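Printed here is final_9.cif (mmCIF, C-alpha atoms):
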```
data_target
loop_
_atom_site.group_PDB
_atom_site.id
_atom_site.type_symbol
_atom_site.label_atom_id
_atom_site.label_comp_id
_atom_site.auth_asym_id
_atom_site.auth_seq_id
_atom_site.Cartn_x
_atom_site.Cartn_y
_atom_site.Cartn_z
ATOM 1 C CA MET A 266 -3.319 -12.216 12.530
ATOM 2 C CA PRO A 267 -3.113 -13.762 9.054
ATOM 3 C CA LYS A 268 -4.677 -10.765 7.294
ATOM 4 C CA PRO A 269 -4.917 -7.202 8.536
ATOM 5 C CA ALA A 270 -8.342 -5.688 9.206
ATOM 6 C CA HIS A 271 -7.047 -2.455 7.722
ATOM 7 C CA HIS A 272 -4.110 -1.750 5.455
ATOM 8 C CA VAL A 273 -2.854 1.809 5.765
ATOM 9 C CA LEU A 274 -0.534 3.338 3.177
ATOM 10 C CA VAL A 275 1.415 6.497 3.927
ATOM 11 C CA CYS A 276 3.112 8.328 1.063
ATOM 12 C CA LEU A 277 6.813 8.851 1.782
ATOM 13 C CA ASN A 278 7.694 10.256 -1.617
ATOM 14 C CA ALA A 279 10.403 12.905 -1.554
ATOM 15 C CA ARG A 280 11.215 15.596 -4.109
ATOM 16 C CA PRO A 281 13.961 18.198 -4.030
ATOM 17 C CA PRO A 282 13.113 21.471 -2.260
ATOM 18 C CA GLY A 283 11.490 23.938 -4.654
ATOM 19 C CA ASN A 284 9.928 21.297 -6.887
ATOM 20 C CA PRO A 285 6.556 22.752 -7.974
ATOM 21 C CA LYS A 286 4.703 19.523 -7.201
ATOM 22 C CA GLY A 287 5.940 19.432 -3.640
ATOM 23 C CA SER A 288 5.984 16.088 -1.897
ATOM 24 C CA CYS A 289 4.619 14.336 1.143
ATOM 25 C CA ALA A 290 8.093 13.818 2.595
ATOM 26 C CA GLU A 291 8.755 17.546 2.791
ATOM 27 C CA LYS A 292 5.518 17.882 4.755
ATOM 28 C CA GLY A 293 6.719 15.437 7.385
ATOM 29 C CA SER A 294 5.392 12.093 6.210
ATOM 30 C CA GLU A 295 8.334 10.146 7.646
ATOM 31 C CA GLU A 296 7.475 11.357 11.142
ATOM 32 C CA LEU A 297 3.756 10.854 10.492
ATOM 33 C CA PHE A 298 4.419 7.267 9.419
ATOM 34 C CA ASP A 299 6.463 6.557 12.535
ATOM 35 C CA ALA A 300 3.841 8.109 14.810
ATOM 36 C CA LEU A 301 0.976 6.186 13.207
ATOM 37 C CA LYS A 302 2.840 2.886 13.446
ATOM 38 C CA ALA A 303 3.537 3.523 17.121
ATOM 39 C CA MET A 304 -0.136 4.313 17.861
ATOM 40 C CA VAL A 305 -1.358 1.201 16.079
ATOM 41 C CA LYS A 306 1.182 -0.945 17.921
ATOM 42 C CA GLU A 307 0.392 0.606 21.304
ATOM 43 C CA ARG A 308 -3.293 -0.154 20.864
ATOM 44 C CA GLY A 309 -2.662 -3.644 19.511
ATOM 45 C CA LEU A 310 -4.819 -3.069 16.441
ATOM 46 C CA PRO A 311 -4.965 -5.677 13.632
ATOM 47 C CA VAL A 312 -3.715 -3.063 11.206
ATOM 48 C CA ILE A 313 -0.674 -3.006 8.946
ATOM 49 C CA VAL A 314 0.874 0.386 8.212
ATOM 50 C CA ASN A 315 3.189 0.625 5.217
ATOM 51 C CA ARG A 316 5.230 3.347 3.598
ATOM 52 C CA THR A 317 4.887 3.760 -0.150
ATOM 53 C CA ASN A 318 6.320 5.717 -3.019
ATOM 54 C CA CYS A 319 4.180 8.429 -4.636
ATOM 55 C CA LEU A 320 0.418 8.132 -4.060
ATOM 56 C CA LYS A 321 -0.206 10.669 -6.850
ATOM 57 C CA HIS A 322 -1.774 13.519 -4.951
ATOM 58 C CA CYS A 323 1.364 15.515 -4.241
ATOM 59 C CA SER A 324 -0.204 18.949 -3.871
ATOM 60 C CA ARG A 325 -2.727 17.603 -1.360
ATOM 61 C CA GLY A 326 -0.267 15.686 0.803
ATOM 62 C CA ILE A 327 0.337 14.230 3.202
ATOM 63 C CA THR A 328 -1.630 11.535 1.417
ATOM 64 C CA VAL A 329 -2.800 8.430 3.276
ATOM 65 C CA ALA A 330 -4.867 5.582 1.804
ATOM 66 C CA VAL A 331 -6.816 3.058 3.880
ATOM 67 C CA HIS A 332 -8.233 -0.277 2.756
ATOM 68 C CA PRO A 333 -10.816 -1.754 2.780
ATOM 69 C CA GLY A 334 -13.035 1.038 1.563
ATOM 70 C CA ASN A 335 -10.534 2.697 -0.772
ATOM 71 C CA VAL A 336 -10.497 5.680 1.567
ATOM 72 C CA TRP A 337 -8.031 8.395 0.584
ATOM 73 C CA TYR A 338 -7.096 11.157 2.992
ATOM 74 C CA ALA A 339 -5.563 14.527 2.086
ATOM 75 C CA GLY A 340 -3.493 16.952 4.095
ATOM 76 C CA VAL A 341 -3.037 14.587 7.007
ATOM 77 C CA THR A 342 -1.069 15.946 9.957
ATOM 78 C CA GLN A 343 0.020 14.374 13.215
ATOM 79 C CA ALA A 344 -2.861 16.211 14.889
ATOM 80 C CA ASP A 345 -5.278 14.130 12.788
ATOM 81 C CA LEU A 346 -3.852 10.763 13.778
ATOM 82 C CA PRO A 347 -5.784 10.161 17.013
ATOM 83 C CA GLU A 348 -9.070 10.694 15.165
ATOM 84 C CA ILE A 349 -8.066 8.463 12.250
ATOM 85 C CA VAL A 350 -6.942 5.722 14.615
ATOM 86 C CA GLU A 351 -9.925 5.854 16.941
ATOM 87 C CA ALA A 352 -12.758 6.561 14.517
ATOM 88 C CA HIS A 353 -11.571 4.688 11.459
ATOM 89 C CA LEU A 354 -9.096 1.993 12.448
ATOM 90 C CA GLU A 355 -10.711 1.064 15.755
ATOM 91 C CA ASN A 356 -14.365 1.762 15.058
ATOM 92 C CA GLY A 357 -14.665 1.532 11.292
ATOM 93 C CA THR A 358 -15.925 5.059 10.617
ATOM 94 C CA PRO A 359 -13.774 6.981 8.131
ATOM 95 C CA VAL A 360 -13.003 10.625 8.902
ATOM 96 C CA GLU A 361 -14.966 12.496 6.239
ATOM 97 C CA ARG A 362 -13.449 15.910 6.873
ATOM 98 C CA LEU A 363 -10.099 14.565 5.598
ATOM 99 C CA PHE A 364 -11.388 12.907 2.412
ATOM 100 C CA MET A 365 -9.345 13.547 -0.714
ATOM 101 C CA PRO A 366 -11.397 15.540 -3.252
ATOM 102 C CA ASP A 367 -12.194 13.848 -6.578
ATOM 103 C CA ILE A 368 -9.202 15.240 -8.421
ATOM 104 C CA PRO A 369 -7.051 13.718 -11.166
ATOM 105 C CA TRP A 370 -3.854 11.948 -10.266
ATOM 106 C CA GLU A 371 -0.794 14.130 -10.331
ATOM 107 C CA MET B 72 -9.347 8.604 -12.477
ATOM 108 C CA PRO B 73 -9.915 10.057 -8.999
ATOM 109 C CA LYS B 74 -9.676 6.705 -7.240
ATOM 110 C CA PRO B 75 -8.008 3.543 -8.489
ATOM 111 C CA ALA B 76 -10.147 0.464 -9.130
ATOM 112 C CA HIS B 77 -7.343 -1.619 -7.663
ATOM 113 C CA HIS B 78 -4.455 -0.670 -5.424
ATOM 114 C CA VAL B 79 -1.514 -3.050 -5.745
ATOM 115 C CA LEU B 80 1.283 -3.132 -3.174
ATOM 116 C CA VAL B 81 4.588 -4.802 -3.943
ATOM 117 C CA CYS B 82 7.020 -5.466 -1.083
ATOM 118 C CA LEU B 83 10.421 -3.967 -1.837
ATOM 119 C CA ASN B 84 11.943 -4.703 1.553
ATOM 120 C CA ALA B 85 15.648 -5.541 1.457
ATOM 121 C CA ARG B 86 17.753 -7.411 4.007
ATOM 122 C CA PRO B 87 21.458 -8.186 3.878
ATOM 123 C CA PRO B 88 22.461 -11.425 2.111
ATOM 124 C CA GLY B 89 22.368 -14.376 4.513
ATOM 125 C CA ASN B 90 19.675 -12.935 6.766
ATOM 126 C CA PRO B 91 17.550 -15.935 7.892
ATOM 127 C CA LYS B 92 14.281 -14.158 7.133
ATOM 128 C CA GLY B 93 15.260 -13.428 3.562
ATOM 129 C CA SER B 94 13.541 -10.567 1.833
ATOM 130 C CA CYS B 95 11.433 -9.791 -1.193
ATOM 131 C CA ALA B 96 14.110 -7.534 -2.675
ATOM 132 C CA GLU B 97 16.629 -10.358 -2.886
ATOM 133 C CA LYS B 98 14.031 -12.339 -4.825
ATOM 134 C CA GLY B 99 13.755 -9.635 -7.465
ATOM 135 C CA SER B 100 10.877 -7.482 -6.270
ATOM 136 C CA GLU B 101 12.353 -4.286 -7.714
ATOM 137 C CA GLU B 102 12.236 -5.771 -11.214
ATOM 138 C CA LEU B 103 8.804 -7.292 -10.531
ATOM 139 C CA PHE B 104 7.491 -3.883 -9.455
ATOM 140 C CA ASP B 105 8.856 -2.219 -12.586
ATOM 141 C CA ALA B 106 7.421 -4.910 -14.848
ATOM 142 C CA LEU B 107 3.984 -4.779 -13.218
ATOM 143 C CA LYS B 108 3.838 -0.992 -13.462
ATOM 144 C CA ALA B 109 4.745 -1.174 -17.133
ATOM 145 C CA MET B 110 2.041 -3.774 -17.862
ATOM 146 C CA VAL B 111 -0.634 -1.770 -16.075
ATOM 147 C CA LYS B 112 0.380 1.391 -17.922
ATOM 148 C CA GLU B 113 0.517 -0.343 -21.292
ATOM 149 C CA ARG B 114 -3.025 -1.643 -20.836
ATOM 150 C CA GLY B 115 -4.305 1.676 -19.487
ATOM 151 C CA LEU B 116 -5.812 0.062 -16.405
ATOM 152 C CA PRO B 117 -7.291 2.207 -13.596
ATOM 153 C CA VAL B 118 -4.833 0.637 -11.175
ATOM 154 C CA ILE B 119 -2.213 2.189 -8.931
ATOM 155 C CA VAL B 120 0.894 0.112 -8.213
ATOM 156 C CA ASN B 121 3.018 1.131 -5.229
ATOM 157 C CA ARG B 122 6.191 -0.122 -3.639
ATOM 158 C CA THR B 123 6.140 -0.638 0.116
ATOM 159 C CA ASN B 124 8.390 -1.547 2.970
ATOM 160 C CA CYS B 125 8.008 -4.992 4.596
ATOM 161 C CA LEU B 126 4.651 -6.698 4.044
ATOM 162 C CA LYS B 127 5.451 -9.187 6.834
ATOM 163 C CA HIS B 128 5.608 -12.438 4.933
ATOM 164 C CA CYS B 129 9.321 -12.488 4.207
ATOM 165 C CA SER B 130 9.780 -16.233 3.837
ATOM 166 C CA ARG B 131 6.920 -16.420 1.336
ATOM 167 C CA GLY B 132 7.991 -13.497 -0.833
ATOM 168 C CA ILE B 133 7.730 -11.957 -3.230
ATOM 169 C CA THR B 134 4.658 -10.666 -1.432
ATOM 170 C CA VAL B 135 2.007 -8.646 -3.275
ATOM 171 C CA ALA B 136 -1.229 -7.303 -1.781
ATOM 172 C CA VAL B 137 -4.227 -6.184 -3.838
ATOM 173 C CA HIS B 138 -7.171 -4.085 -2.699
ATOM 174 C CA PRO B 139 -10.126 -4.174 -2.703
ATOM 175 C CA GLY B 140 -10.566 -7.720 -1.481
ATOM 176 C CA ASN B 141 -7.547 -7.815 0.841
ATOM 177 C CA VAL B 142 -5.975 -10.344 -1.507
ATOM 178 C CA TRP B 143 -2.437 -11.360 -0.535
ATOM 179 C CA TYR B 144 -0.225 -13.220 -2.975
ATOM 180 C CA ALA B 145 2.857 -15.280 -2.084
ATOM 181 C CA GLY B 146 5.885 -16.252 -4.103
ATOM 182 C CA VAL B 147 5.025 -14.016 -7.017
ATOM 183 C CA THR B 148 7.390 -14.145 -9.986
ATOM 184 C CA GLN B 149 7.475 -12.254 -13.246
ATOM 185 C CA ALA B 150 5.965 -15.325 -14.905
ATOM 186 C CA ASP B 151 2.831 -14.819 -12.789
ATOM 187 C CA LEU B 152 2.280 -11.197 -13.781
ATOM 188 C CA PRO B 153 0.302 -11.713 -16.998
ATOM 189 C CA GLU B 154 -2.210 -13.885 -15.129
ATOM 190 C CA ILE B 155 -2.519 -11.447 -12.210
ATOM 191 C CA VAL B 156 -3.002 -8.532 -14.586
ATOM 192 C CA GLU B 157 -5.491 -10.213 -16.892
ATOM 193 C CA ALA B 158 -7.514 -12.311 -14.446
ATOM 194 C CA HIS B 159 -7.476 -10.070 -11.395
ATOM 195 C CA LEU B 160 -6.792 -6.480 -12.394
ATOM 196 C CA GLU B 161 -8.663 -6.547 -15.690
ATOM 197 C CA ASN B 162 -11.420 -9.063 -14.973
ATOM 198 C CA GLY B 163 -11.760 -9.020 -11.190
ATOM 199 C CA THR B 164 -10.976 -12.680 -10.521
ATOM 200 C CA PRO B 165 -8.120 -13.175 -8.036
ATOM 201 C CA VAL B 166 -5.554 -15.878 -8.840
ATOM 202 C CA GLU B 167 -6.221 -18.499 -6.167
ATOM 203 C CA ARG B 168 -3.138 -20.608 -6.813
ATOM 204 C CA LEU B 169 -0.987 -17.715 -5.558
ATOM 205 C CA PHE B 170 -2.932 -16.972 -2.366
ATOM 206 C CA MET B 171 -0.841 -16.431 0.757
ATOM 207 C CA PRO B 172 -1.516 -19.207 3.305
ATOM 208 C CA ASP B 173 -3.059 -18.191 6.642
ATOM 209 C CA ILE B 174 0.231 -17.807 8.457
ATOM 210 C CA PRO B 175 1.272 -15.392 11.196
ATOM 211 C CA TRP B 176 3.036 -12.194 10.263
ATOM 212 C CA GLU B 177 6.794 -12.431 10.300
#
```
Hey, can you dump this file as structure tokens for me?
Amino acid sequence: MPKPAHHVLVCLNARPPGNPKGSCAEKGSEELFDALKAMVKERGLPVIVNRTNCLKHCSRGITVAVHPGNVWYAGVTQADLPEIVEAHLENGTPVERLFMPDIPWE
Amino acid sequence: MPKPAHHVLVCLNARPPGNPKGSCAEKGSEELFDALKAMVKERGLPVIVNRTNCLKHCSRGITVAVHPGNVWYAGVTQADLPEIVEAHLENGTPVERLFMPDIPWE
């Protein structure tokens, strides 16, 4: 698999408790990242899942970006992962209900 | 800028000195990441630059991926940054001489 069919980026940025911006880490992005990696591996998908620093949508986290398509998801929870994996990563149809609104970077 | 025109991922994975795989961090990817972010900011480009964990081409690092286009660069040094920024991120023409060969993930 020289190049991945999808490249998934999960924001793992952490801020101290009480920071007004909040952060994806405090919403459980470490566990989300681990769970998504495990699902992709279990299904043998040609997908690379990486952890990143801040994806600039802190108040809407957990933020997840998927390429190709420049698809940005907001408020992702573990409950959303099966749908993202099956619809988007397996079958190529992004999950519209999770799309990040057109807001400025934070 | 609701969505970035380009999303650049720089591998910041670190391994202990002497590890046979090597790592991008030991080749200076932290400094490369900082320099690239500064160049993008200075030019005001609609580009987001993120640091990631392992991009799976350790022996060919420093590894940098750019979306859209699923462009993967190998052996990137600070000397290559002006060309990547000007040709690819500003003018949309990837830098072919730095393309990652079609090798398996490591």
For this session: Work out how far apart atom CA of A:Ile368 and atom CA of B:Leu116 are and give it in Å to one decimal.
Result: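 Computing it gives 17.5 Å between the two atoms.
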For this session: Output the contact residues of chain B with respect to chain A at a cut-off of 12 Å, based on all atoms listed in the file, as JSON, numbers by chain.
Result: {"B": [72, 73, 74, 75, 76, 77, 78, 79, 80, 81, 82, 83, 84, 104, 117, 118, 119, 120, 121, 122, 123, 124, 125, 126, 127, 128, 136, 137, 138, 139, 140, 141, 142, 143, 144, 170, 171, 172, 173, 174, 175, 176, 177]}
Exercise. Expanded to explicit residues, what is the PyMOL selection byres ((chain A and resi 340-342) around 10) for this file, as a PyMOL selection string?
Worked result: chain A and resi 275+289+292-294+296-297+322-329+338-339+343-346+349+363-365
Just need the box for stretch 275-288 of chain A, edges along x, y and z, holding every atom the file lists for it with 4 Å tacked onto each side, so centre and edge lengths in Å to one decimal, as JSON.
```
{"center_x": 7.7, "center_y": 15.2, "center_z": -2.0, "size_x": 20.5, "size_y": 25.4, "size_z": 19.9}
```
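The coordinates place atom CA of B:Glu167 at 23.1 Å from atom CA of B:Asp105.
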For this session: Enter the distance from atom CA of B:Glu157 to atom CA of B:Val111, in Å, rounded to one decimal.
Result: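 Computing it gives 9.8 Å between the two atoms.
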